[in-house]
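Asker: My structure file upload24.cif, mmCIF, C-alpha atoms, pLDDT in the B column; chains and numbers go by the auth columns, is below:
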```cif
data_data
#
loop_
_atom_site.group_PDB
_atom_site.id
_atom_site.type_symbol
_atom_site.label_atom_id
_atom_site.label_comp_id
_atom_site.label_asym_id
_atom_site.label_seq_id
_atom_site.Cartn_x
_atom_site.Cartn_y
_atom_site.Cartn_z
_atom_site.B_iso_or_equiv
_atom_site.auth_seq_id
_atom_site.auth_asym_id
ATOM 1 C CA MET A 1 -12.160 -25.481 -35.428 87.00 130 F
ATOM 2 C CA ARG A 2 -14.452 -23.001 -37.204 97.00 131 F
ATOM 3 C CA VAL A 3 -14.805 -19.703 -35.380 98.00 132 F
ATOM 4 C CA TYR A 4 -16.812 -16.585 -36.079 98.00 133 F
ATOM 5 C CA GLY A 5 -17.164 -13.508 -33.955 98.00 134 F
ATOM 6 C CA VAL A 6 -19.822 -11.026 -32.980 98.00 135 F
ATOM 7 C CA THR A 7 -18.298 -7.713 -32.016 97.00 136 F
ATOM 8 C CA GLY A 8 -19.436 -4.189 -31.304 96.00 137 F
ATOM 9 C CA TRP A 9 -19.394 -1.527 -28.650 95.00 138 F
ATOM 10 C CA LYS A 10 -21.384 -1.661 -25.409 92.00 139 F
ATOM 11 C CA ASN A 11 -25.191 -1.747 -25.897 94.00 140 F
ATOM 12 C CA ALA A 12 -24.850 -2.607 -29.600 97.00 141 F
ATOM 13 C CA GLY A 13 -26.892 -5.810 -29.312 96.00 142 F
ATOM 14 C CA LYS A 14 -24.063 -8.356 -29.297 96.00 143 F
ATOM 15 C CA THR A 15 -25.421 -10.670 -26.606 95.00 144 F
ATOM 16 C CA GLY A 16 -28.951 -10.740 -27.988 97.00 145 F
ATOM 17 C CA LEU A 17 -27.582 -11.496 -31.453 98.00 146 F
ATOM 18 C CA MET A 18 -25.345 -14.228 -30.035 97.00 147 F
ATOM 19 C CA GLU A 19 -28.296 -15.803 -28.219 98.00 148 F
ATOM 20 C CA ARG A 20 -30.453 -15.780 -31.360 98.00 149 F
ATOM 21 C CA LEU A 21 -27.595 -17.127 -33.525 98.00 150 F
ATOM 22 C CA VAL A 22 -26.915 -20.026 -31.153 98.00 151 F
ATOM 23 C CA ALA A 23 -30.615 -20.985 -31.219 98.00 152 F
ATOM 24 C CA GLU A 24 -30.852 -20.581 -35.007 98.00 153 F
ATOM 25 C CA ILE A 25 -27.683 -22.504 -35.864 98.00 154 F
ATOM 26 C CA THR A 26 -28.247 -25.331 -33.375 98.00 155 F
ATOM 27 C CA GLY A 27 -31.816 -25.511 -34.683 98.00 156 F
ATOM 28 C CA ARG A 28 -30.311 -26.314 -38.077 98.00 157 F
ATOM 29 C CA GLY A 29 -28.511 -29.302 -36.590 98.00 158 F
ATOM 30 C CA PHE A 30 -25.038 -27.857 -36.032 98.00 159 F
ATOM 31 C CA SER A 31 -23.224 -27.997 -32.701 97.00 160 F
ATOM 32 C CA VAL A 32 -22.209 -24.604 -31.329 98.00 161 F
ATOM 33 C CA SER A 33 -20.055 -23.460 -28.423 97.00 162 F
ATOM 34 C CA THR A 34 -19.499 -19.878 -27.364 97.00 163 F
ATOM 35 C CA LEU A 35 -16.575 -17.907 -26.010 96.00 164 F
ATOM 36 C CA LYS A 36 -17.334 -14.593 -24.293 94.00 165 F
ATOM 37 C CA HIS A 37 -14.735 -12.020 -23.324 90.00 166 F
ATOM 38 C CA ALA A 38 -15.412 -9.829 -20.290 82.00 167 F
ATOM 39 C CA HIS A 39 -13.487 -6.619 -19.665 72.00 168 F
ATOM 40 C CA HIS A 40 -14.444 -6.527 -16.014 69.00 169 F
ATOM 41 C CA SER A 41 -13.878 -8.854 -13.121 71.00 170 F
ATOM 42 C CA VAL A 42 -16.437 -11.609 -13.445 72.00 171 F
ATOM 43 C CA ASP A 43 -17.291 -14.194 -10.825 76.00 172 F
ATOM 44 C CA VAL A 44 -19.614 -17.074 -11.667 78.00 173 F
ATOM 45 C CA ASP A 45 -19.102 -18.531 -8.214 82.00 174 F
ATOM 46 C CA GLN A 46 -21.014 -16.989 -5.322 85.00 175 F
ATOM 47 C CA PRO A 47 -19.979 -16.489 -1.695 90.00 176 F
ATOM 48 C CA GLY A 48 -21.160 -19.264 0.580 90.00 177 F
ATOM 49 C CA THR A 49 -20.991 -22.094 -1.966 91.00 178 F
ATOM 50 C CA ASP A 50 -18.565 -24.932 -1.345 92.00 179 F
ATOM 51 C CA SER A 51 -16.706 -24.255 -4.597 90.00 180 F
ATOM 52 C CA TYR A 52 -16.325 -20.564 -3.682 90.00 181 F
ATOM 53 C CA ARG A 53 -14.888 -21.593 -0.335 91.00 182 F
ATOM 54 C CA HIS A 54 -12.401 -23.946 -2.061 93.00 183 F
ATOM 55 C CA ARG A 55 -11.303 -21.207 -4.472 90.00 184 F
ATOM 56 C CA THR A 56 -10.940 -18.473 -1.866 89.00 185 F
ATOM 57 C CA ALA A 57 -8.997 -20.883 0.337 92.00 186 F
ATOM 58 C CA GLY A 58 -6.342 -20.903 -2.397 90.00 187 F
ATOM 59 C CA ALA A 59 -7.218 -23.634 -4.918 91.00 188 F
ATOM 60 C CA SER A 60 -5.802 -22.840 -8.348 90.00 189 F
ATOM 61 C CA GLU A 61 -8.618 -24.735 -10.069 90.00 190 F
ATOM 62 C CA VAL A 62 -12.014 -25.849 -8.902 92.00 191 F
ATOM 63 C CA LEU A 63 -13.995 -28.253 -11.067 91.00 192 F
ATOM 64 C CA LEU A 64 -17.679 -28.306 -10.160 90.00 193 F
ATOM 65 C CA ALA A 65 -19.504 -31.309 -11.601 91.00 194 F
ATOM 66 C CA SER A 66 -23.105 -32.471 -11.599 91.00 195 F
ATOM 67 C CA GLY A 67 -25.270 -34.682 -13.764 95.00 196 F
ATOM 68 C CA GLN A 68 -26.248 -31.652 -15.865 95.00 197 F
ATOM 69 C CA ARG A 69 -23.060 -29.585 -16.328 90.00 198 F
ATOM 70 C CA LEU A 70 -19.425 -28.961 -15.490 88.00 199 F
ATOM 71 C CA ALA A 71 -17.749 -25.711 -14.551 88.00 200 F
ATOM 72 C CA ILE A 72 -14.034 -25.207 -14.175 90.00 201 F
ATOM 73 C CA MET A 73 -12.970 -22.085 -12.349 88.00 202 F
ATOM 74 C CA GLN A 74 -9.341 -21.109 -12.585 90.00 203 F
ATOM 75 C CA GLU A 75 -7.739 -18.337 -10.618 88.00 204 F
ATOM 76 C CA LEU A 76 -5.101 -16.444 -12.573 90.00 205 F
ATOM 77 C CA ARG A 77 -3.570 -15.057 -9.378 89.00 206 F
ATOM 78 C CA GLY A 78 -1.541 -12.479 -11.284 90.00 207 F
ATOM 79 C CA ALA A 79 -0.752 -14.637 -14.316 92.00 208 F
ATOM 80 C CA PRO A 80 -1.508 -13.107 -17.726 93.00 209 F
ATOM 81 C CA GLU A 81 -4.971 -13.536 -19.212 91.00 210 F
ATOM 82 C CA PRO A 82 -4.978 -16.540 -21.590 93.00 211 F
ATOM 83 C CA SER A 83 -5.025 -15.740 -25.292 94.00 212 F
ATOM 84 C CA MET A 84 -8.079 -16.444 -27.405 95.00 213 F
ATOM 85 C CA ALA A 85 -6.177 -19.320 -29.060 95.00 214 F
ATOM 86 C CA ASP A 86 -5.402 -20.838 -25.646 95.00 215 F
ATOM 87 C CA LEU A 87 -9.055 -20.581 -24.639 95.00 216 F
ATOM 88 C CA LEU A 88 -10.273 -22.130 -27.902 96.00 217 F
ATOM 89 C CA ALA A 89 -7.877 -25.039 -27.386 95.00 218 F
ATOM 90 C CA ARG A 90 -9.714 -25.878 -24.153 93.00 219 F
ATOM 91 C CA LEU A 91 -13.042 -26.410 -25.914 95.00 220 F
ATOM 92 C CA SER A 92 -14.278 -29.798 -27.076 94.00 221 F
ATOM 93 C CA PRO A 93 -14.514 -30.367 -30.844 95.00 222 F
ATOM 94 C CA ILE A 94 -17.605 -28.658 -32.240 96.00 223 F
ATOM 95 C CA ASP A 95 -19.009 -27.481 -35.586 98.00 224 F
ATOM 96 C CA LEU A 96 -18.768 -23.766 -34.770 98.00 225 F
ATOM 97 C CA VAL A 97 -17.532 -21.536 -31.960 98.00 226 F
ATOM 98 C CA LEU A 98 -19.249 -18.157 -31.806 98.00 227 F
ATOM 99 C CA ILE A 99 -17.067 -15.577 -30.098 98.00 228 F
ATOM 100 C CA GLU A 100 -18.436 -12.486 -28.385 96.00 229 F
ATOM 101 C CA GLY A 101 -15.914 -9.727 -27.892 88.00 230 F
ATOM 102 C CA PHE A 102 -12.216 -10.157 -28.645 93.00 231 F
ATOM 103 C CA LYS A 103 -12.611 -7.270 -31.109 91.00 232 F
ATOM 104 C CA ARG A 104 -8.868 -6.897 -31.649 92.00 233 F
ATOM 105 C CA GLU A 105 -8.271 -10.545 -32.620 95.00 234 F
ATOM 106 C CA ASP A 106 -8.003 -11.454 -36.304 96.00 235 F
ATOM 107 C CA HIS A 107 -10.874 -13.964 -36.644 97.00 236 F
ATOM 108 C CA PRO A 108 -13.789 -13.060 -38.951 98.00 237 F
ATOM 109 C CA LYS A 109 -16.575 -11.093 -37.287 98.00 238 F
ATOM 110 C CA ILE A 110 -19.932 -9.487 -37.764 98.00 239 F
ATOM 111 C CA GLU A 111 -20.405 -6.127 -36.066 98.00 240 F
ATOM 112 C CA ALA A 112 -23.589 -5.526 -34.100 98.00 241 F
ATOM 113 C CA PHE A 113 -24.598 -1.875 -34.364 98.00 242 F
ATOM 114 C CA ARG A 114 -27.391 0.122 -32.771 97.00 243 F
ATOM 115 C CA ALA A 115 -27.615 3.792 -33.745 96.00 244 F
ATOM 116 C CA GLU A 116 -29.076 4.773 -30.351 95.00 245 F
ATOM 117 C CA ALA A 117 -25.935 3.563 -28.569 95.00 246 F
ATOM 118 C CA GLY A 118 -24.129 6.550 -30.121 94.00 247 F
ATOM 119 C CA ASN A 119 -20.900 4.739 -30.971 95.00 248 F
ATOM 120 C CA ALA A 120 -18.946 4.910 -34.206 95.00 249 F
ATOM 121 C CA LEU A 121 -18.875 1.915 -36.512 97.00 250 F
ATOM 122 C CA MET A 122 -15.818 -0.312 -36.257 96.00 251 F
ATOM 123 C CA ALA A 123 -16.314 -1.857 -39.705 97.00 252 F
ATOM 124 C CA PRO A 124 -14.782 0.855 -41.932 95.00 253 F
ATOM 125 C CA GLY A 125 -11.152 -0.041 -42.462 88.00 254 F
ATOM 126 C CA ASN A 126 -11.350 -3.266 -40.424 95.00 255 F
ATOM 127 C CA PRO A 127 -10.898 -6.318 -42.691 96.00 256 F
ATOM 128 C CA THR A 128 -11.832 -8.751 -39.897 98.00 257 F
ATOM 129 C CA ILE A 129 -15.382 -7.365 -39.849 98.00 258 F
ATOM 130 C CA ARG A 130 -17.059 -9.123 -42.763 98.00 259 F
ATOM 131 C CA ALA A 131 -20.592 -7.722 -42.280 98.00 260 F
ATOM 132 C CA VAL A 132 -22.654 -5.433 -40.068 98.00 261 F
ATOM 133 C CA ALA A 133 -25.933 -6.270 -38.326 98.00 262 F
ATOM 134 C CA SER A 134 -27.634 -2.923 -37.795 98.00 263 F
ATOM 135 C CA ASP A 135 -30.915 -1.419 -36.624 97.00 264 F
ATOM 136 C CA THR A 136 -30.555 1.322 -39.244 97.00 265 F
ATOM 137 C CA PRO A 137 -29.520 1.428 -42.923 96.00 266 F
ATOM 138 C CA LEU A 138 -25.794 2.013 -43.380 96.00 267 F
ATOM 139 C CA LYS A 139 -23.421 2.755 -46.238 94.00 268 F
ATOM 140 C CA VAL A 140 -20.313 0.629 -45.679 96.00 269 F
ATOM 141 C CA ASP A 141 -18.231 -1.656 -47.880 95.00 270 F
ATOM 142 C CA GLN A 142 -19.392 -4.779 -46.015 97.00 271 F
ATOM 143 C CA PRO A 143 -22.829 -6.392 -46.369 98.00 272 F
ATOM 144 C CA VAL A 144 -25.409 -4.923 -43.965 98.00 273 F
ATOM 145 C CA PHE A 145 -28.116 -7.079 -42.369 98.00 274 F
ATOM 146 C CA ASP A 146 -31.074 -6.084 -40.266 98.00 275 F
ATOM 147 C CA LEU A 147 -29.979 -6.695 -36.665 98.00 276 F
ATOM 148 C CA ASN A 148 -33.100 -8.818 -36.115 97.00 277 F
ATOM 149 C CA ASP A 149 -32.815 -10.928 -39.295 98.00 278 F
ATOM 150 C CA THR A 150 -31.186 -13.815 -37.480 98.00 279 F
ATOM 151 C CA ALA A 151 -31.787 -16.353 -40.268 98.00 280 F
ATOM 152 C CA ALA A 152 -30.013 -14.209 -42.885 98.00 281 F
ATOM 153 C CA ILE A 153 -27.121 -13.492 -40.526 98.00 282 F
ATOM 154 C CA ALA A 154 -26.815 -17.207 -39.725 98.00 283 F
ATOM 155 C CA ASP A 155 -26.862 -18.027 -43.465 98.00 284 F
ATOM 156 C CA PHE A 156 -24.019 -15.541 -44.000 98.00 285 F
ATOM 157 C CA ILE A 157 -21.901 -16.895 -41.137 98.00 286 F
ATOM 158 C CA LEU A 158 -22.425 -20.537 -42.133 98.00 287 F
ATOM 159 C CA GLN A 159 -21.445 -19.734 -45.711 98.00 288 F
ATOM 160 C CA GLU A 160 -18.363 -17.850 -44.487 98.00 289 F
ATOM 161 C CA VAL A 161 -17.148 -20.827 -42.417 98.00 290 F
ATOM 162 C CA GLY A 162 -18.085 -23.446 -45.011 98.00 291 F
ATOM 163 C CA LEU A 163 -20.916 -25.203 -43.158 97.00 292 F
#
```
Rewrite the coordinates I just gave you, this time as C-alpha cells.

Answerer:
Amino acid sequence: MRVYGVTGWKNAGKTGLMERLVAEITGRGFSVSTLKHAHHSVDVDQPGTDSYRHRTAGASEVLLASGQRLAIMQELRGAPEPSMADLLARLSPIDLVLIEGFKREDHPKIEAFRAEAGNALMAPGNPTIRAVASDTPLKVDQPVFDLNDTAAIADFILQEVGL
C-alpha cells in the first residue's frame, strides 16, 4: 500500500492541506484513504446514541452500519495503542493512504509550516520529511512548496509514490 504523510506542529495547516490533497488526488481519479493520529482522547460516538450505550455498557467493539457508511469503534480498555502498521493493515486496498500526524514514524512526509504558529521546522535533519509546504520562503535542503499550491504538492507526492 502506498502511504505518504503530512506532518507538522499544531496550527501548521496540516488538516487543511490534507483536505485539499484528498480532493485534488481523488479528482485525478485515484482512490485515497486517510489515517489521522490524535494525541488526545477522541470520541466520535456521542452520549445518548445506541452505539454509545453499547460501548459504555462494556462492548469491546461496536460496528455501526448504514446504507451510507460504516464505523467501527474499539475500546482499548488499557491495551496499548495500535501501531501505524497495524492500523494500515485494517484499511481496504486503495491507491494512496494519506497520513496526518505520526511524525515519528519512518514513512515519507511533507511538513506543513506556518510562520505565525511560531514553531521550529522539523525538516532539517529529518530524512523522512521529503518536502515542506510553507506560507513563507524557507532555506532548507528539501523542496519548498507554497502551502496553498495543492496541485504542485499533489504532483510531488504522486511522483514520490510512483502514481

Asker: Counting all atoms listed in the file, which residue out of F:Leu216, F:Val173, F:Ile258, F:Leu250 sits closest to Asp235 (chain F)?

Answerer: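 Of the candidates, the smallest distance to Asp235 (chain F) is held by F:Ile258.
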
Asker: Report, in Å to a single decimal, how far apart CA of Arg243 (chain F) and CA of Ala141 (chain F) are.

Answerer: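 Computed distance, CA of Ala141 (chain F) to CA of Arg243 (chain F), equals 4.9 Å.
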
Asker: Run through the PyMOL selection byres ((chain F and resi 222-230) around 6) on the given coordinates and return the selected residues as a list in words.

Answerer: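 Evaluating the PyMOL selection byres ((chain F and resi 222-230) around 6) on this file yields Arg131, Val132, Tyr133, Gly134, Val135, Thr136, Ser160, Val161, Ser162, Thr163, Leu164, Lys165, His166, Ser221, Phe231 and Lys232 of chain F.
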
Asker: Running the PyMOL selection byres ((chain F and resi 260-276) around 12) on this model by hand, what would come out? Give it as a ChimeraX atom specification.

Answerer: /F:133-137,141-147,149-150,237-246,249-259,277-286,289

Asker: Report, in Å with one decimal, the straight-line distance from CA of Gln175 (chain F) to CA of Val151 (chain F).

Answerer: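 Answer for the CA of Gln175 (chain F) to CA of Val151 (chain F) separation: 26.7 Å.
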
Asker: May I ask which of the residues F:Leu292, F:Thr178, F:His168, F:Ser195 is the closest one to Glu210 (chain F), counting only C-alpha atoms?

Answerer: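 Looking at the shortest contact to Glu210 (chain F), the residue is F:His168.
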
Asker: When the PyMOL selection byres ((chain F and resi 196-207) around 10) is applied to the file above, which residues end up in the set, as a tab-separated table (two decimals) with C-alpha atoms, keeping the file's coordinate frame?

Answerer:
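As written to disk, expr_32.tsv reads:
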```
chain	number	residue	atom	x	y	z
F	172	ASP	CA	-17.29	-14.19	-10.82
F	173	VAL	CA	-19.61	-17.07	-11.67
F	174	ASP	CA	-19.10	-18.53	-8.21
F	180	SER	CA	-16.71	-24.26	-4.60
F	181	TYR	CA	-16.32	-20.56	-3.68
F	184	ARG	CA	-11.30	-21.21	-4.47
F	185	THR	CA	-10.94	-18.47	-1.87
F	187	GLY	CA	-6.34	-20.90	-2.40
F	188	ALA	CA	-7.22	-23.63	-4.92
F	189	SER	CA	-5.80	-22.84	-8.35
F	190	GLU	CA	-8.62	-24.74	-10.07
F	191	VAL	CA	-12.01	-25.85	-8.90
F	192	LEU	CA	-14.00	-28.25	-11.07
F	193	LEU	CA	-17.68	-28.31	-10.16
F	194	ALA	CA	-19.50	-31.31	-11.60
F	195	SER	CA	-23.10	-32.47	-11.60
F	208	ALA	CA	-0.75	-14.64	-14.32
F	209	PRO	CA	-1.51	-13.11	-17.73
F	210	GLU	CA	-4.97	-13.54	-19.21
F	211	PRO	CA	-4.98	-16.54	-21.59
```

Asker: Which value, in Å to one decimal, gives the distance between CA of Gly247 (chain F) and CA of Arg233 (chain F)?

Answerer: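 One can read the CA of Gly247 (chain F) to CA of Arg233 (chain F) distance as 20.4 Å.
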
Asker: Please enclose the listed atoms of region 141-154 of chain F in an axis-aligned box, pad each side by 3 Å, and write out the centre and the three edge lengths in Å, rounded to one decimal, as lines of an AutoDock Vina configuration file.

Answerer:
```
center_x = -27.5
center_y = -12.6
center_z = -31.2
size_x = 12.8
size_y = 25.9
size_z = 15.3
```

Asker: Just checking: using all atoms listed in the file, which residue out of F:Ala167, F:Ala214, F:Leu220, F:Leu287 ends up closest to His236 (chain F)?

Answerer: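 Of the candidates, the smallest distance to His236 (chain F) is held by F:Ala214.
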
Asker: Would you fill the gaps in region 154-171 of chain F so it has N, CA, C and O atoms, then print it as a compact mmCIF listing (two decimals), keeping the file's coordinate frame?

Answerer:
```
# COMPACT_ATOMS: atom_id res chain seq x y z
N ILE F 154 -28.65 -21.58 -35.27
CA ILE F 154 -27.68 -22.50 -35.86
C ILE F 154 -27.81 -23.90 -35.26
O ILE F 154 -27.74 -24.89 -35.98
N THR F 155 -28.03 -24.00 -33.96
CA THR F 155 -28.25 -25.33 -33.38
C THR F 155 -29.57 -25.91 -33.87
O THR F 155 -29.67 -27.12 -34.06
N GLY F 156 -30.55 -25.06 -34.12
CA GLY F 156 -31.82 -25.51 -34.68
C GLY F 156 -31.67 -26.10 -36.07
O GLY F 156 -32.52 -26.87 -36.52
N ARG F 157 -30.60 -25.76 -36.75
CA ARG F 157 -30.31 -26.31 -38.08
C ARG F 157 -29.49 -27.59 -37.99
O ARG F 157 -29.07 -28.14 -39.01
N GLY F 158 -29.21 -28.03 -36.78
CA GLY F 158 -28.51 -29.30 -36.59
C GLY F 158 -27.01 -29.21 -36.37
O GLY F 158 -26.34 -30.24 -36.29
N PHE F 159 -26.47 -28.02 -36.28
CA PHE F 159 -25.04 -27.86 -36.03
C PHE F 159 -24.78 -27.73 -34.53
O PHE F 159 -25.61 -27.21 -33.79
N SER F 160 -23.61 -28.18 -34.10
CA SER F 160 -23.22 -28.00 -32.70
C SER F 160 -22.46 -26.67 -32.58
O SER F 160 -21.64 -26.34 -33.44
N VAL F 161 -22.78 -25.94 -31.52
CA VAL F 161 -22.21 -24.60 -31.33
C VAL F 161 -21.71 -24.46 -29.90
O VAL F 161 -22.40 -24.86 -28.95
N SER F 162 -20.54 -23.90 -29.73
CA SER F 162 -20.06 -23.46 -28.42
C SER F 162 -19.83 -21.96 -28.51
O SER F 162 -19.76 -21.40 -29.61
N THR F 163 -19.74 -21.32 -27.36
CA THR F 163 -19.50 -19.88 -27.36
C THR F 163 -18.31 -19.55 -26.47
O THR F 163 -18.01 -20.28 -25.53
N LEU F 164 -17.67 -18.46 -26.80
CA LEU F 164 -16.58 -17.91 -26.01
C LEU F 164 -16.88 -16.43 -25.84
O LEU F 164 -17.09 -15.72 -26.83
N LYS F 165 -16.97 -15.97 -24.60
CA LYS F 165 -17.33 -14.59 -24.29
C LYS F 165 -16.20 -13.94 -23.54
O LYS F 165 -15.72 -14.47 -22.55
N HIS F 166 -15.76 -12.78 -24.03
CA HIS F 166 -14.74 -12.02 -23.32
C HIS F 166 -15.40 -10.98 -22.44
O HIS F 166 -16.34 -10.31 -22.86
N ALA F 167 -14.91 -10.85 -21.22
CA ALA F 167 -15.41 -9.83 -20.29
C ALA F 167 -14.26 -8.90 -19.95
O ALA F 167 -13.16 -9.35 -19.66
N HIS F 168 -14.52 -7.60 -19.99
CA HIS F 168 -13.49 -6.62 -19.66
C HIS F 168 -13.41 -6.34 -18.18
O HIS F 168 -12.50 -5.71 -17.70
N HIS F 169 -14.38 -6.80 -17.44
CA HIS F 169 -14.44 -6.53 -16.01
C HIS F 169 -14.23 -7.82 -15.24
O HIS F 169 -14.25 -8.90 -15.80
N SER F 170 -14.03 -7.68 -13.97
CA SER F 170 -13.88 -8.85 -13.12
C SER F 170 -15.21 -9.58 -13.06
O SER F 170 -16.24 -9.00 -12.74
N VAL F 171 -15.20 -10.83 -13.42
CA VAL F 171 -16.44 -11.61 -13.44
C VAL F 171 -16.28 -12.78 -12.48
O VAL F 171 -15.20 -13.36 -12.36
```
